[in-house]
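Peer 1: Dropping a structure here in structure tokens format, bear with me for questions.
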Amino acid sequence: MRVDIVSIFPDYLAPLELSLAGRAQGRGLLDIAVHDLRAWTSDRHRTVDDTPYGGGAGMVMKPEPWGEALDEVATGRPTIVFTTPSGEPFTQGLARDLATREHLVLACGRYEGIDQRVVEHAATLGEVLEVSLGDYVLNGGEVAALAITEAVVRLVPGFMGNAASLLEESHEDGLLEYPVYTKPATWREREVPAVLLSGDHAAIARWRREQAVRRTAERRPDLLPPSAVPGGGELRHAVPADVGELYTLQLCCWVQEQHANPGVRIPALHESLEDMRRSLEEWTWLVLRRGGRLVAAARGRIEDDTWDVGRLMVAPDLQGQGLGRFMLAEIESVAPPAVTAYTLFTGAQSLDNIRMYKRAGYRLRGEGPPGAVRLAKPRR
Ligand code: JEE
């Protein structure tokens with residue numbers, strides 16, 4: 001495999017030409033070259049940027065040096081990768097795909113990015129991908145190119161002492177890794193989990209799987225298969241784009257509550273769209289969509305060792321079908337491991353709600369704010 005990287009900071013990528021890839025390069029498996037974009041400028045100041053058409057802050061990389069550079073480097077129909085914050089996410093799947101290519105060209109922008117016509121021109125030279133390392137903003141494409149190169153190069157057959165560890169990766173289950181330990185068995189009063197010293201291979205495999213599932217649920221719930229929703233639909237963690245519909249559903253559902261509890265001041269009816277936006281940052285929210293429509297939601301957050309559950313809502317036309325029970329079980333299940341009990345408030349006159357909570361194992365635990373009651377249940 002050949003990899004050409006073009007940047008105005010070639011020194012940034014020097015580690016690639018040396019250590020990591022060095023051994024494979026020596027064996028002719030891999031040939032990495034880093035190029036200084038300014039080599040393809042022709043003015044005295046070696047200018048690579050200019051002001052943006054249409055106005056706006058910052059500078060844009062001008063097309064001419066990039067055109068000259070790609071014409072020279074991107075020969076033989078390579079795969080050309082532009083790293084950009086607006087690209088498709090870089091994943092292990094994309095790394096595996098790129099590892100099958102004969103020739104990669106990585107174009108690293110700076111400033112506010114590269115004139116889009118360069119990307120269009122590159123598409124006449126080879127297959128073009130616009131790729132992002134992740135959802136955060138870097139100052140340029142170099143760090144992304146470094147990460148992409150490292151992830152791709154280790155998958156090239158024959159690279160590294162990779163045979164065994166890559167075989168293991170191909171058997172992966174889509175979960176996060178279980179925690180790992182080595183000697184000594186006791187370190188600063190901390191023990192290695194006893195099961196790992198037991199010699200019971202089945203028990204060890206079970207323990208590792210449990211740990212992997214627990215970690216995944218806690219850190220990357222998006223990686224777990226969606227739980228079966230009664231009546232169909234998609235359960236997700238709320239994202240900022242849900243705020244408008246969530247706010248609308250909340251107002252609609254708590255008007256019902258207000259009618260069941262006349263005279264009670266219901267906070268959910270006195271919140272702004274901005275409050276809802278903040279709530280998404282401060283709470284774990286789950287939303288349920290059916291046919292694209294947001295039909296149910298619930299939120300939770302930890303307070304001491306209790307999971308504070310609230311805002312359990314189901315669209316009025318879908319109530320009485322078990323969706324509330326389902327959402328309650330789901331918001332309970334995303335509580336972190338430290339949680340030992342669940343708690344929630346509801347209107348003292350909301351008899352249907354109270355019955356549902358009791359069926360789910362909650363018991364009355366005294367008064368809440370005026371007109372409300374508190375319910376709680378221990379965790380499993
Ligand atoms: C390439 C220039 C800097 C910063 C405007 C407006 C963008 C460009 N995961 C990743 N994060 N950042 C990059 C990346 C950054 C780059 C270049 C890659 C070239 N920059 C730059 C800010 C902006 N912002 C608001 O939305 C975010 C544009 C990257 C990758 N890969």
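Identifiers in this document derive from the order of the structure tokens: chains are assigned A, B, ..., residues are numbered from 1 separately in each chain, and ligands are numbered from 1 in order of occurrence.
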Pick out the residues sitting within 12 Å of segment 218-235 of chain A, and hand them over as an MDAnalysis selection string; count only C-alpha atoms, and ignore anything fewer than 3 positions along from it in its own chain.
Peer 2: chainID A and resid 173:177 211:215 238:239 284:298 318 320:327 329:331 333:338
Peer 1: Include C-alpha atoms and write out the residues we just selected as a PDB file, in the first residue's frame.
Peer 2:
ATOM      1  CA  ASP A 173     -19.248  -8.883  19.247  1.00  0.00           C
ATOM      2  CA  GLY A 174     -19.846  -5.147  18.862  1.00  0.00           C
ATOM      3  CA  LEU A 175     -19.499  -4.549  22.613  1.00  0.00           C
ATOM      4  CA  LEU A 176     -16.853  -2.500  24.384  1.00  0.00           C
ATOM      5  CA  GLU A 177     -13.905  -4.439  25.806  1.00  0.00           C
ATOM      6  CA  GLN A 211     -18.511  -6.595  32.225  1.00  0.00           C
ATOM      7  CA  ALA A 212     -18.549  -5.834  28.488  1.00  0.00           C
ATOM      8  CA  VAL A 213     -22.357  -5.518  28.416  1.00  0.00           C
ATOM      9  CA  ARG A 214     -22.435  -3.359  31.561  1.00  0.00           C
ATOM     10  CA  ARG A 215     -19.743  -1.003  30.198  1.00  0.00           C
ATOM     11  CA  ALA A 238     -32.624  12.256  23.075  1.00  0.00           C
ATOM     12  CA  VAL A 239     -30.506  14.543  20.895  1.00  0.00           C
ATOM     13  CA  THR A 284     -30.563  11.389  30.633  1.00  0.00           C
ATOM     14  CA  TRP A 285     -33.590  11.548  28.305  1.00  0.00           C
ATOM     15  CA  LEU A 286     -35.008   8.638  26.337  1.00  0.00           C
ATOM     16  CA  VAL A 287     -37.400   9.275  23.471  1.00  0.00           C
ATOM     17  CA  LEU A 288     -39.588   6.826  21.590  1.00  0.00           C
ATOM     18  CA  ARG A 289     -40.451   7.432  17.947  1.00  0.00           C
ATOM     19  CA  ARG A 290     -43.069   5.527  16.019  1.00  0.00           C
ATOM     20  CA  GLY A 291     -43.433   6.165  12.308  1.00  0.00           C
ATOM     21  CA  GLY A 292     -41.045   9.099  12.701  1.00  0.00           C
ATOM     22  CA  ARG A 293     -43.308  10.734  15.286  1.00  0.00           C
ATOM     23  CA  LEU A 294     -42.082  11.391  18.828  1.00  0.00           C
ATOM     24  CA  VAL A 295     -44.731   9.623  20.948  1.00  0.00           C
ATOM     25  CA  ALA A 296     -43.187   8.984  24.369  1.00  0.00           C
ATOM     26  CA  ALA A 297     -40.294  10.084  26.580  1.00  0.00           C
ATOM     27  CA  ALA A 298     -38.828   9.855  30.070  1.00  0.00           C
ATOM     28  CA  LEU A 318     -51.476   6.087  22.521  1.00  0.00           C
ATOM     29  CA  GLY A 320     -53.263   2.648  27.801  1.00  0.00           C
ATOM     30  CA  GLN A 321     -51.116   0.422  25.550  1.00  0.00           C
ATOM     31  CA  GLY A 322     -48.250  -0.231  27.962  1.00  0.00           C
ATOM     32  CA  LEU A 323     -45.907   2.406  26.541  1.00  0.00           C
ATOM     33  CA  GLY A 324     -45.641   4.191  29.910  1.00  0.00           C
ATOM     34  CA  ARG A 325     -44.643   0.937  31.639  1.00  0.00           C
ATOM     35  CA  PHE A 326     -42.141   0.292  28.881  1.00  0.00           C
ATOM     36  CA  MET A 327     -40.587   3.766  29.112  1.00  0.00           C
ATOM     37  CA  ALA A 329     -38.511   0.123  32.628  1.00  0.00           C
ATOM     38  CA  GLU A 330     -36.167   1.609  30.007  1.00  0.00           C
ATOM     39  CA  ILE A 331     -35.314   4.754  31.969  1.00  0.00           C
ATOM     40  CA  SER A 333     -32.371   0.311  32.983  1.00  0.00           C
ATOM     41  CA  VAL A 334     -30.059   3.161  31.959  1.00  0.00           C
ATOM     42  CA  ALA A 335     -29.355   4.130  35.594  1.00  0.00           C
ATOM     43  CA  PRO A 336     -25.643   3.783  36.363  1.00  0.00           C
ATOM     44  CA  PRO A 337     -24.481   0.798  38.486  1.00  0.00           C
ATOM     45  CA  ALA A 338     -24.053   2.951  41.634  1.00  0.00           C
TER      46      ALA A 338
END
Peer 1: Please find the residues contacting ligand 1 at a distance of at most 12 Å between atoms, with only C-alpha atoms and all ligand atoms counted, and report them as a PyMOL selection string.
Peer 2: chain A and resi 7-9+49+56-61+81-91+106-116+129-148
Peer 1: Which residues are close to His103 of chain A, i.e. within 8 Å by only C-alpha atoms, leaving aside same-chain residues fewer than 3 positions away? Reply as a PyMOL selection string.
Peer 2: chain A and resi 1-4+78-79
Peer 1: Can you work out which one of A:Pro65, A:Pro184, A:Gly300, A:Gly54 has the shortest atom-to-atom distance to Ser42 of chain A, counting only C-alpha atoms?
Peer 2: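 Looking at the shortest contact to Ser42 of chain A, the residue is A:Pro65.
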Peer 1: Write down as a PyMOL selection string the residues belonging to segment 71-268 of chain A that are assigned strand (DSSP E or B) by DSSP computed on the backbone.
Peer 2: chain A and resi 79-89+103-108+114+127-132+186-187+190-191+234-237
Peer 1: Those selected residues, please, written with N, CA and C atoms and delivered as a compact mmCIF listing (two decimals), in the first residue's frame.
Peer 2:
# COMPACT_ATOMS: atom_id res chain seq x y z
N THR A 79 -7.52 6.35 -3.96
CA THR A 79 -8.60 6.81 -3.09
C THR A 79 -8.11 8.09 -2.41
N ILE A 80 -8.86 9.18 -2.57
CA ILE A 80 -8.43 10.48 -2.05
C ILE A 80 -9.33 10.86 -0.87
N VAL A 81 -8.71 11.02 0.31
CA VAL A 81 -9.46 11.31 1.54
C VAL A 81 -9.21 12.75 1.95
N PHE A 82 -10.28 13.54 2.01
CA PHE A 82 -10.20 14.88 2.59
C PHE A 82 -10.68 14.78 4.03
N THR A 83 -9.84 15.12 4.99
CA THR A 83 -10.30 15.16 6.38
C THR A 83 -10.98 16.52 6.59
N THR A 84 -12.18 16.48 7.16
CA THR A 84 -12.98 17.70 7.34
C THR A 84 -13.99 17.48 8.46
N PRO A 85 -14.29 18.53 9.26
CA PRO A 85 -15.28 18.35 10.32
C PRO A 85 -16.67 18.00 9.79
N SER A 86 -16.92 18.24 8.50
CA SER A 86 -18.25 17.90 7.96
C SER A 86 -18.25 16.61 7.15
N GLY A 87 -17.24 15.76 7.37
CA GLY A 87 -17.17 14.50 6.64
C GLY A 87 -18.00 13.40 7.27
N GLU A 88 -18.04 12.24 6.60
CA GLU A 88 -18.68 11.07 7.20
C GLU A 88 -17.78 10.58 8.35
N PRO A 89 -18.36 10.02 9.41
CA PRO A 89 -17.54 9.61 10.55
C PRO A 89 -16.55 8.51 10.17
N HIS A 103 -3.66 2.52 -3.10
CA HIS A 103 -3.04 3.85 -2.99
C HIS A 103 -4.02 4.82 -2.33
N LEU A 104 -3.61 5.39 -1.18
CA LEU A 104 -4.41 6.41 -0.49
C LEU A 104 -3.70 7.75 -0.59
N VAL A 105 -4.47 8.81 -0.85
CA VAL A 105 -3.95 10.18 -0.76
C VAL A 105 -4.78 10.88 0.31
N LEU A 106 -4.12 11.40 1.34
CA LEU A 106 -4.81 12.12 2.42
C LEU A 106 -4.51 13.60 2.29
N ALA A 107 -5.55 14.41 2.13
CA ALA A 107 -5.41 15.86 1.99
C ALA A 107 -5.81 16.53 3.30
N CYS A 108 -4.85 17.22 3.93
CA CYS A 108 -5.08 17.86 5.22
C CYS A 108 -5.27 19.36 5.03
N ILE A 114 -10.82 23.82 2.71
CA ILE A 114 -10.30 23.92 1.35
C ILE A 114 -11.44 24.31 0.40
N GLU A 127 -11.34 8.00 -6.46
CA GLU A 127 -12.53 8.02 -5.59
C GLU A 127 -12.27 8.95 -4.42
N VAL A 128 -13.20 9.86 -4.18
CA VAL A 128 -13.03 10.85 -3.12
C VAL A 128 -13.91 10.52 -1.92
N LEU A 129 -13.33 10.64 -0.73
CA LEU A 129 -14.10 10.54 0.52
C LEU A 129 -13.83 11.78 1.35
N GLU A 130 -14.89 12.35 1.93
CA GLU A 130 -14.72 13.41 2.92
C GLU A 130 -15.02 12.78 4.27
N VAL A 131 -14.02 12.76 5.15
CA VAL A 131 -14.08 11.97 6.38
C VAL A 131 -13.79 12.86 7.59
N SER A 132 -14.58 12.63 8.66
CA SER A 132 -14.35 13.34 9.92
C SER A 132 -13.87 12.36 10.98
N THR A 186 -2.32 -8.38 43.99
CA THR A 186 -2.72 -7.28 44.88
C THR A 186 -1.78 -6.10 44.63
N TRP A 187 -2.36 -4.95 44.38
CA TRP A 187 -1.55 -3.75 44.13
C TRP A 187 -2.18 -2.57 44.87
N ARG A 190 -5.49 -3.15 46.24
CA ARG A 190 -6.55 -3.45 45.27
C ARG A 190 -6.33 -4.83 44.69
N GLU A 191 -7.42 -5.65 44.76
CA GLU A 191 -7.32 -7.04 44.31
C GLU A 191 -7.77 -7.16 42.85
N GLU A 234 -38.88 3.12 17.69
CA GLU A 234 -37.44 3.21 17.94
C GLU A 234 -37.18 3.98 19.21
N LEU A 235 -36.49 3.35 20.15
CA LEU A 235 -36.11 4.02 21.40
C LEU A 235 -34.68 4.54 21.26
N ARG A 236 -34.46 5.81 21.63
CA ARG A 236 -33.13 6.41 21.51
C ARG A 236 -32.88 7.34 22.69
N HIS A 237 -31.61 7.64 22.92
CA HIS A 237 -31.29 8.77 23.78
C HIS A 237 -31.66 10.04 23.02
Peer 1: I need the residues of segment 177-371 of chain A that end up classed as alpha helix (DSSP H) by DSSP on the backbone, written out as an NGL selection string.
Peer 2: :A and (201-219 or 243-260 or 273-282 or 323-333 or 351-359)
Peer 1: Using only C-alpha atoms, determine which residues lie at most 12 Å from segment 243-256 of chain A, disregarding the query and same-chain residues fewer than 5 positions distant; provide the list as number ranges by chain.
Peer 2: A: 237-238, 261-262, 264-281, 285-289, 292-299, 310-319, 346-347, 349-350, 352-353
Peer 1: Could you please take those selected residues and save N, CA and C atoms as a compact mmCIF listing (two decimals), in the first residue's frame?
Peer 2:
# COMPACT_ATOMS: atom_id res chain seq x y z
N HIS A 237 -31.61 7.64 22.92
CA HIS A 237 -31.29 8.77 23.78
C HIS A 237 -31.66 10.04 23.02
N ALA A 238 -32.22 11.01 23.73
CA ALA A 238 -32.62 12.26 23.08
C ALA A 238 -31.39 13.01 22.57
N ASN A 261 -55.37 17.30 38.37
CA ASN A 261 -54.90 17.87 39.64
C ASN A 261 -55.14 19.37 39.66
N PRO A 262 -56.41 19.81 39.70
CA PRO A 262 -56.68 21.24 39.59
C PRO A 262 -56.06 22.01 40.76
N VAL A 264 -52.99 22.56 41.35
CA VAL A 264 -51.59 22.21 41.64
C VAL A 264 -50.68 22.91 40.63
N ARG A 265 -49.56 23.45 41.13
CA ARG A 265 -48.62 24.08 40.21
C ARG A 265 -47.70 23.01 39.62
N ILE A 266 -47.81 22.79 38.32
CA ILE A 266 -47.05 21.73 37.65
C ILE A 266 -45.86 22.36 36.90
N PRO A 267 -44.63 22.09 37.37
CA PRO A 267 -43.46 22.75 36.78
C PRO A 267 -43.39 22.57 35.26
N ALA A 268 -43.74 21.37 34.78
CA ALA A 268 -43.59 21.09 33.34
C ALA A 268 -44.41 22.05 32.48
N LEU A 269 -45.43 22.66 33.08
CA LEU A 269 -46.28 23.58 32.31
C LEU A 269 -45.75 25.01 32.35
N HIS A 270 -44.68 25.21 33.11
CA HIS A 270 -44.17 26.58 33.26
C HIS A 270 -42.74 26.68 32.76
N GLU A 271 -42.35 25.76 31.88
CA GLU A 271 -40.99 25.76 31.35
C GLU A 271 -40.98 26.28 29.93
N SER A 272 -39.85 26.88 29.54
CA SER A 272 -39.68 27.40 28.19
C SER A 272 -38.95 26.36 27.34
N LEU A 273 -38.92 26.62 26.05
CA LEU A 273 -38.14 25.77 25.13
C LEU A 273 -36.68 25.74 25.57
N GLU A 274 -36.21 26.89 26.05
CA GLU A 274 -34.82 26.98 26.54
C GLU A 274 -34.61 26.07 27.76
N ASP A 275 -35.60 26.03 28.65
CA ASP A 275 -35.52 25.12 29.81
C ASP A 275 -35.38 23.68 29.33
N MET A 276 -36.14 23.32 28.29
CA MET A 276 -36.10 21.96 27.77
C MET A 276 -34.70 21.67 27.19
N ARG A 277 -34.15 22.65 26.51
CA ARG A 277 -32.80 22.49 25.95
C ARG A 277 -31.81 22.18 27.08
N ARG A 278 -31.93 22.94 28.17
CA ARG A 278 -31.03 22.74 29.32
C ARG A 278 -31.29 21.38 29.96
N SER A 279 -32.55 20.99 30.04
CA SER A 279 -32.91 19.71 30.65
C SER A 279 -32.23 18.54 29.92
N LEU A 280 -32.08 18.67 28.60
CA LEU A 280 -31.43 17.61 27.83
C LEU A 280 -29.95 17.48 28.20
N GLU A 281 -29.36 18.60 28.64
CA GLU A 281 -27.96 18.55 29.05
C GLU A 281 -27.81 18.00 30.45
N TRP A 285 -32.24 11.60 28.89
CA TRP A 285 -33.59 11.55 28.31
C TRP A 285 -33.66 10.39 27.31
N LEU A 286 -34.73 9.62 27.39
CA LEU A 286 -35.01 8.64 26.34
C LEU A 286 -36.25 9.09 25.57
N VAL A 287 -36.22 8.93 24.27
CA VAL A 287 -37.40 9.27 23.47
C VAL A 287 -37.78 8.08 22.61
N LEU A 288 -39.07 7.92 22.40
CA LEU A 288 -39.59 6.83 21.59
C LEU A 288 -40.27 7.42 20.37
N ARG A 289 -39.82 6.99 19.19
CA ARG A 289 -40.45 7.43 17.95
C ARG A 289 -41.17 6.25 17.32
N GLY A 292 -41.70 7.79 12.78
CA GLY A 292 -41.05 9.10 12.70
C GLY A 292 -41.57 10.10 13.72
N ARG A 293 -42.69 9.79 14.35
CA ARG A 293 -43.31 10.73 15.29
C ARG A 293 -42.82 10.48 16.71
N LEU A 294 -42.50 11.54 17.43
CA LEU A 294 -42.08 11.39 18.83
C LEU A 294 -43.33 11.18 19.68
N VAL A 295 -43.48 9.98 20.26
CA VAL A 295 -44.73 9.62 20.95
C VAL A 295 -44.58 9.38 22.44
N ALA A 296 -43.37 9.22 22.93
CA ALA A 296 -43.19 8.98 24.37
C ALA A 296 -41.78 9.38 24.78
N ALA A 297 -41.61 9.68 26.07
CA ALA A 297 -40.29 10.08 26.58
C ALA A 297 -40.25 9.87 28.09
N ALA A 298 -39.04 9.89 28.62
CA ALA A 298 -38.83 9.85 30.07
C ALA A 298 -37.42 10.36 30.33
N ARG A 299 -37.20 10.85 31.55
CA ARG A 299 -35.86 11.29 31.88
C ARG A 299 -35.45 10.73 33.23
N GLY A 310 -38.35 11.00 35.98
CA GLY A 310 -39.41 11.99 35.81
C GLY A 310 -39.81 12.18 34.36
N ARG A 311 -40.82 13.05 34.20
CA ARG A 311 -41.32 13.45 32.88
C ARG A 311 -41.65 12.24 32.01
N LEU A 312 -42.22 11.24 32.64
CA LEU A 312 -42.69 10.07 31.90
C LEU A 312 -43.94 10.49 31.13
N MET A 313 -43.88 10.45 29.82
CA MET A 313 -45.01 10.97 29.02
C MET A 313 -45.28 10.08 27.81
N VAL A 314 -46.57 9.95 27.50
CA VAL A 314 -47.01 9.19 26.33
C VAL A 314 -48.08 10.02 25.62
N ALA A 315 -47.99 10.13 24.31
CA ALA A 315 -48.96 10.91 23.55
C ALA A 315 -50.38 10.43 23.90
N PRO A 316 -51.32 11.36 24.10
CA PRO A 316 -52.66 11.01 24.59
C PRO A 316 -53.35 9.93 23.77
N ASP A 317 -53.18 9.93 22.46
CA ASP A 317 -53.88 8.95 21.62
C ASP A 317 -53.28 7.56 21.73
N LEU A 318 -52.13 7.40 22.40
CA LEU A 318 -51.48 6.09 22.52
C LEU A 318 -51.41 5.61 23.96
N GLN A 319 -52.08 6.31 24.86
CA GLN A 319 -52.05 5.91 26.26
C GLN A 319 -52.89 4.64 26.46
N THR A 346 -45.46 12.20 41.43
CA THR A 346 -46.60 12.37 40.53
C THR A 346 -47.71 13.08 41.29
N GLY A 347 -48.71 13.53 40.55
CA GLY A 347 -49.81 14.25 41.18
C GLY A 347 -50.56 13.33 42.15
N GLN A 349 -53.51 13.23 42.81
CA GLN A 349 -54.80 12.84 42.23
C GLN A 349 -54.65 12.06 40.92
N SER A 350 -53.42 11.83 40.49
CA SER A 350 -53.21 11.12 39.21
C SER A 350 -53.29 9.63 39.47
N ASP A 352 -54.43 6.97 37.86
CA ASP A 352 -53.97 6.01 36.84
C ASP A 352 -52.45 5.88 36.89
N ASN A 353 -51.78 7.02 37.02
CA ASN A 353 -50.31 6.99 37.08
C ASN A 353 -49.85 6.22 38.32
